[in-house]
Amino acid sequence: MKHKKLRFFCSALAFLALLTLILIPLSRLLARKSLALPWNTTTKISGFYNEEQNQFEVMFFGSSHAYAAFSPLELWEETGVKSYVFATQQQPLWATYTYIKEALKTQSPSLVVVECRMAFGDQEYYDEGVNFSYMDDIPLSWNKAELALRSVPDTEGRLALLFNFMMYHDRWNDLHRQDFTFRRSQARDPYKGYVMLPPKKEPWPRPDVEAVAGQTPLLEKNRYWLEEIVRLCQEEGVALWLVKTPSNLEPEEKALLNSVEDAAARLGVPFHDFNEDYAAIGLSEDMFHDEHHLDAFGASRFTRFFARALTEGWPELRADWEDPAWTADMAVYQEELERYRSGVTG
């Protein structure tokens with residue numbers, strides 16, 4: 001009887017191992033991939049894992065408001081400080097927490113900067129599009145399993161986030177050549193996570209929020225994970241800076257941001273709302289790709305302004321000016337910026 005049980009146990013393990021060996025490559029093949037510029041999130045997230053260890057002195061996290069605003073190459077040219085934007089579309093704070101933990105596996109930043117737009121969120125759970133956008137590109141790990149538990153309330157949904165073959169198993173007819181040729185192990189983003197958005201040359205008037213002094217309470221789940229992010233950085237001995245990038249805040253957003261600022265003060269974390277610095281940055285209404293996201297020229301001006309604030313607040317950050325790879329990446333970045341300047345966006 002014992003031998004039968006042992007054989008059954010070994011057979012079950014062998015079957016599970018074989019199933020895993022089959023499903024993992026299939027999941028990678030069938031998974032949706034964002035590879036087209038400028039929204040090549042798959043390259044940016046996968047590429048982070050292929051970067052040299054302990055390279056980044058500053059790490060940026062958050063939603064699209066982060067990846068459309070912070071240009072690590074501009075920051076490096078101004079300060080010599082290397083950084084990466086580890087952000088995804090509508091990245092909720094519980095995902096930001098996981099992304100920070102993932103980053104700390106291979107990097108030892110002195111400063112973590114969290115763009116706090118998603119603290120305004122009013123949902124405890126987001127739709128599949130948002131969930132898979134931050135789940136698909138991070139490797140299977142205990143961190144990912146914990147994130148799945150926080151992201152959906154049911155077991156089936158959690159398993160689908162962890163093993164996305166369940167989500168994409170019927171994508172066979174939608175596969176393209178890049179699905180077969182893309183290799184996550186070879187991915188690299190010269191822009192270091194930044195999304196360079198083309199200018200629309202259309203004015204986006206800034207709402208008047210000067211009179212908004214009150215606070216709207218944050219969703220309890222957001223408040224909890226904001227405090228967990230603070231706790232994590234404290235435990236890891238990493239400085240944390242909560243910021244809001246220029247995004248033409250609406251009055252209701254300003255009331256929520258006031259609550260974030262109050263929470264930062266209570267938790268002893270520095271906070272800055274760069275929406276108050278439009279004139280100092282040199283932003284104009286036509287430097288936005290859309291109503292709330294900076295275009296390439298707005299992000300350039302903002303990053304250079306941010307560089308001064310960064311060196312004033314953290315003058316001890318390690319600089320590395322002499323890096324041929326970053327010099328080459330900067331040349332690629334400047335060439336693309338010049339194309340935008342010349343009106344060539346396609």
# chains A, B, ... in the order shown; residues from 1 in each chain; ligands from 1
>>> residues_around(residues="A:Asp122", least_positions_apart="4", cutoff="10 Å", atoms="only C-alpha atoms", output="ChimeraX atom specification")
/A:118,126,218-222
>>> closest_atom_pairs(of="stretch 15-134 of chain A", to="stretch 245-255 of chain A", cutoff="9 Å", atoms="only C-alpha atoms", output="tab-separated table")
residue	atom	partner	partner_atom	distance
A:His65	CA	A:Thr245	CA	6.7
A:Ala66	CA	A:Thr245	CA	7.2
A:Ala69	CA	A:Thr245	CA	6.8
A:Phe70	CA	A:Thr245	CA	8.7
A:Glu115	CA	A:Thr245	CA	6.8
A:Cys116	CA	A:Thr245	CA	8.5
A:Arg117	CA	A:Thr245	CA	8.4
A:Phe120	CA	A:Glu253	CA	6.8
>>> residues_around(residues="stretch 305-312 of chain A", least_positions_apart="5", cutoff="9 Å", atoms="only C-alpha atoms", output="MDAnalysis selection string")
chainID A and resid 70 74:76 78:79 274 280:282 300 317
>>> atom_distance(atom1="atom CA of A:Pro190", atom2="atom CA of A:Ala325")
9.0 Å
>>> residues_around(residues="stretch 81-91 of chain A", least_positions_apart="3", cutoff="9 Å", atoms="only C-alpha atoms", output="ChimeraX atom specification")
/A:41,44-45,48,55-67,70-73,75-78,94-96,99-100,103,109,117-118,130-131,133-134,191-194,317-321,326
>>> select_by_dssp(residues="stretch 18-140 of chain A", states="strand (DSSP E or B)", output="PyMOL selection string")
chain A and resi 58-62+83-87+111-115
>>> write_last_selection(atoms="N, CA and C atoms", output="PDB file, in the first residue's frame")
ATOM      1  N   VAL A  58      17.857  55.869  -8.239  1.00  0.00           N
ATOM      2  CA  VAL A  58      16.482  56.320  -8.011  1.00  0.00           C
ATOM      3  C   VAL A  58      15.551  55.418  -8.810  1.00  0.00           C
ATOM      4  N   MET A  59      14.413  55.039  -8.203  1.00  0.00           N
ATOM      5  CA  MET A  59      13.394  54.257  -8.897  1.00  0.00           C
ATOM      6  C   MET A  59      12.065  54.996  -8.811  1.00  0.00           C
ATOM      7  N   PHE A  60      11.370  55.085  -9.963  1.00  0.00           N
ATOM      8  CA  PHE A  60      10.055  55.722 -10.037  1.00  0.00           C
ATOM      9  C   PHE A  60       8.977  54.647 -10.167  1.00  0.00           C
ATOM     10  N   PHE A  61       7.851  54.857  -9.480  1.00  0.00           N
ATOM     11  CA  PHE A  61       6.736  53.914  -9.522  1.00  0.00           C
ATOM     12  C   PHE A  61       5.429  54.679  -9.672  1.00  0.00           C
ATOM     13  N   GLY A  62       4.414  53.979 -10.170  1.00  0.00           N
ATOM     14  CA  GLY A  62       3.097  54.591 -10.284  1.00  0.00           C
ATOM     15  C   GLY A  62       2.411  54.223 -11.575  1.00  0.00           C
ATOM     16  N   SER A  83      18.350  56.159 -13.165  1.00  0.00           N
ATOM     17  CA  SER A  83      17.032  55.831 -12.619  1.00  0.00           C
ATOM     18  C   SER A  83      16.252  54.981 -13.612  1.00  0.00           C
ATOM     19  N   TYR A  84      15.118  54.449 -13.159  1.00  0.00           N
ATOM     20  CA  TYR A  84      14.234  53.664 -14.017  1.00  0.00           C
ATOM     21  C   TYR A  84      12.801  53.922 -13.589  1.00  0.00           C
ATOM     22  N   VAL A  85      11.893  53.963 -14.576  1.00  0.00           N
ATOM     23  CA  VAL A  85      10.469  54.147 -14.291  1.00  0.00           C
ATOM     24  C   VAL A  85       9.797  52.788 -14.374  1.00  0.00           C
ATOM     25  N   PHE A  86       9.452  52.227 -13.234  1.00  0.00           N
ATOM     26  CA  PHE A  86       8.850  50.897 -13.158  1.00  0.00           C
ATOM     27  C   PHE A  86       7.351  51.075 -12.951  1.00  0.00           C
ATOM     28  N   ALA A  87       6.675  51.588 -13.981  1.00  0.00           N
ATOM     29  CA  ALA A  87       5.274  51.993 -13.870  1.00  0.00           C
ATOM     30  C   ALA A  87       4.433  51.289 -14.920  1.00  0.00           C
ATOM     31  N   LEU A 111      16.687  56.162  -3.258  1.00  0.00           N
ATOM     32  CA  LEU A 111      15.426  56.893  -3.209  1.00  0.00           C
ATOM     33  C   LEU A 111      14.378  56.217  -4.085  1.00  0.00           C
ATOM     34  N   VAL A 112      13.196  56.044  -3.533  1.00  0.00           N
ATOM     35  CA  VAL A 112      12.019  55.592  -4.261  1.00  0.00           C
ATOM     36  C   VAL A 112      11.067  56.775  -4.388  1.00  0.00           C
ATOM     37  N   VAL A 113      10.635  57.050  -5.619  1.00  0.00           N
ATOM     38  CA  VAL A 113       9.683  58.129  -5.881  1.00  0.00           C
ATOM     39  C   VAL A 113       8.369  57.496  -6.337  1.00  0.00           C
ATOM     40  N   VAL A 114       7.298  57.740  -5.596  1.00  0.00           N
ATOM     41  CA  VAL A 114       5.985  57.201  -5.952  1.00  0.00           C
ATOM     42  C   VAL A 114       5.088  58.335  -6.428  1.00  0.00           C
ATOM     43  N   GLU A 115       4.643  58.228  -7.675  1.00  0.00           N
ATOM     44  CA  GLU A 115       3.664  59.163  -8.220  1.00  0.00           C
ATOM     45  C   GLU A 115       2.294  58.726  -7.703  1.00  0.00           C
TER      46      GLU A 115
END
>>> select_by_dssp(residues="stretch 59-258 of chain A", states="helix (DSSP H, G or I)", output="ChimeraX atom specification")
/A:64-67,72-79,93-106,116-120,128-135,142-151,155-162,165-168,172-174,177-181,184-186,220-236,251-258
>>> atom_distance(atom1="atom CA of A:Leu267", atom2="atom CA of A:Arg231")
9.3 Å
>>> residues_around(residues="stretch 197-199 of chain A", least_positions_apart="2", cutoff="10 Å", atoms="only C-alpha atoms", output="PyMOL selection string")
chain A and resi 37-39+67-69+194-195+201-202+286-290+293-299+336-337+339-341+343-346
>>> write_last_selection(atoms="N, CA, C and O atoms", output="compact mmCIF listing (two decimals), in the first residue's frame")
# COMPACT_ATOMS: atom_id res chain seq x y z
N LEU A 37 5.84 51.13 -30.10
CA LEU A 37 6.11 52.44 -29.53
C LEU A 37 4.90 53.36 -29.70
O LEU A 37 4.18 53.25 -30.68
N PRO A 38 4.65 54.30 -28.79
CA PRO A 38 5.43 54.51 -27.56
C PRO A 38 4.95 53.67 -26.38
O PRO A 38 5.50 53.76 -25.30
N TRP A 39 3.90 52.84 -26.59
CA TRP A 39 3.28 52.13 -25.48
C TRP A 39 3.86 50.73 -25.31
O TRP A 39 3.11 49.78 -25.08
N TYR A 67 5.06 57.27 -15.92
CA TYR A 67 5.87 56.92 -17.10
C TYR A 67 5.79 57.95 -18.22
O TYR A 67 6.61 57.94 -19.13
N ALA A 68 4.80 58.85 -18.16
CA ALA A 68 4.73 59.91 -19.17
C ALA A 68 5.43 61.20 -18.72
O ALA A 68 5.52 62.15 -19.50
N ALA A 69 5.94 61.23 -17.50
CA ALA A 69 6.49 62.48 -16.95
C ALA A 69 7.98 62.41 -16.66
O ALA A 69 8.71 63.38 -16.91
N TYR A 194 10.46 55.12 -19.50
CA TYR A 194 9.75 56.35 -19.86
C TYR A 194 8.98 56.15 -21.17
O TYR A 194 9.48 55.52 -22.11
N VAL A 195 7.77 56.71 -21.24
CA VAL A 195 6.95 56.67 -22.45
C VAL A 195 6.94 58.07 -23.06
O VAL A 195 6.37 59.01 -22.48
N LYS A 201 -0.13 69.46 -29.91
CA LYS A 201 -0.21 70.89 -30.21
C LYS A 201 -1.64 71.42 -30.05
O LYS A 201 -2.11 72.25 -30.82
N GLU A 202 -2.26 70.91 -29.03
CA GLU A 202 -3.63 71.32 -28.70
C GLU A 202 -3.65 71.79 -27.25
O GLU A 202 -3.16 71.08 -26.37
N ASP A 286 -0.15 73.71 -24.13
CA ASP A 286 0.00 72.84 -25.29
C ASP A 286 1.15 71.85 -25.14
O ASP A 286 1.60 71.25 -26.12
N MET A 287 1.63 71.64 -23.91
CA MET A 287 2.69 70.66 -23.66
C MET A 287 2.13 69.39 -23.04
O MET A 287 2.82 68.69 -22.28
N PHE A 288 0.88 69.08 -23.37
CA PHE A 288 0.23 67.86 -22.90
C PHE A 288 -0.21 67.03 -24.09
O PHE A 288 -0.73 67.55 -25.08
N HIS A 289 0.00 65.73 -23.99
CA HIS A 289 -0.44 64.80 -25.03
C HIS A 289 -1.96 64.68 -25.04
O HIS A 289 -2.60 64.52 -26.07
N ASP A 290 -2.52 64.72 -23.85
CA ASP A 290 -3.96 64.74 -23.68
C ASP A 290 -4.26 65.56 -22.43
O ASP A 290 -3.39 66.27 -21.94
N HIS A 293 -1.78 64.05 -19.39
CA HIS A 293 -0.44 63.47 -19.54
C HIS A 293 0.46 64.40 -20.34
O HIS A 293 0.09 64.88 -21.42
N LEU A 294 1.65 64.62 -19.81
CA LEU A 294 2.63 65.47 -20.49
C LEU A 294 3.07 64.85 -21.81
O LEU A 294 3.20 63.62 -21.92
N ASP A 295 3.31 65.71 -22.80
CA ASP A 295 3.91 65.20 -24.03
C ASP A 295 5.43 65.19 -23.88
O ASP A 295 5.97 65.50 -22.80
N ALA A 296 6.14 64.84 -24.95
CA ALA A 296 7.59 64.69 -24.88
C ALA A 296 8.28 65.97 -24.42
O ALA A 296 9.25 65.92 -23.64
N PHE A 297 7.79 67.13 -24.87
CA PHE A 297 8.44 68.39 -24.53
C PHE A 297 8.07 68.84 -23.11
O PHE A 297 8.90 69.38 -22.39
N GLY A 298 6.84 68.56 -22.71
CA GLY A 298 6.45 68.86 -21.33
C GLY A 298 7.22 68.00 -20.35
O GLY A 298 7.69 68.48 -19.31
N ALA A 299 7.39 66.71 -20.69
CA ALA A 299 8.14 65.80 -19.81
C ALA A 299 9.60 66.22 -19.73
O ALA A 299 10.23 66.12 -18.68
N GLU A 336 14.84 60.88 -31.38
CA GLU A 336 13.38 60.78 -31.40
C GLU A 336 12.74 62.12 -31.02
O GLU A 336 11.73 62.53 -31.61
N LEU A 337 13.32 62.81 -30.05
CA LEU A 337 12.80 64.11 -29.65
C LEU A 337 12.89 65.10 -30.82
O LEU A 337 11.99 65.92 -31.03
N ARG A 339 12.74 64.31 -33.95
CA ARG A 339 11.69 63.94 -34.90
C ARG A 339 10.37 64.57 -34.51
O ARG A 339 9.63 65.08 -35.36
N TYR A 340 10.06 64.56 -33.22
CA TYR A 340 8.85 65.21 -32.75
C TYR A 340 8.92 66.72 -33.01
O TYR A 340 7.93 67.35 -33.37
N ARG A 341 10.09 67.27 -32.76
CA ARG A 341 10.26 68.71 -32.95
C ARG A 341 10.06 69.10 -34.42
O ARG A 341 9.57 70.18 -34.74
N GLY A 343 8.04 67.59 -36.36
CA GLY A 343 6.67 67.26 -36.75
C GLY A 343 6.51 65.89 -37.34
O GLY A 343 5.47 65.57 -37.91
N VAL A 344 7.54 65.04 -37.19
CA VAL A 344 7.47 63.67 -37.72
C VAL A 344 7.15 62.74 -36.54
O VAL A 344 8.00 62.53 -35.67
N THR A 345 5.97 62.17 -36.50
CA THR A 345 5.57 61.36 -35.35
C THR A 345 5.21 59.93 -35.74
O THR A 345 4.73 59.18 -34.91
N GLY A 346 5.45 59.56 -36.94
CA GLY A 346 5.10 58.20 -37.33
C GLY A 346 6.20 57.54 -38.12
O GLY A 346 7.21 58.13 -38.39
>>> atom_distance(atom1="atom CA of A:Ala187", atom2="atom CA of A:Glu102")
17.1 Å
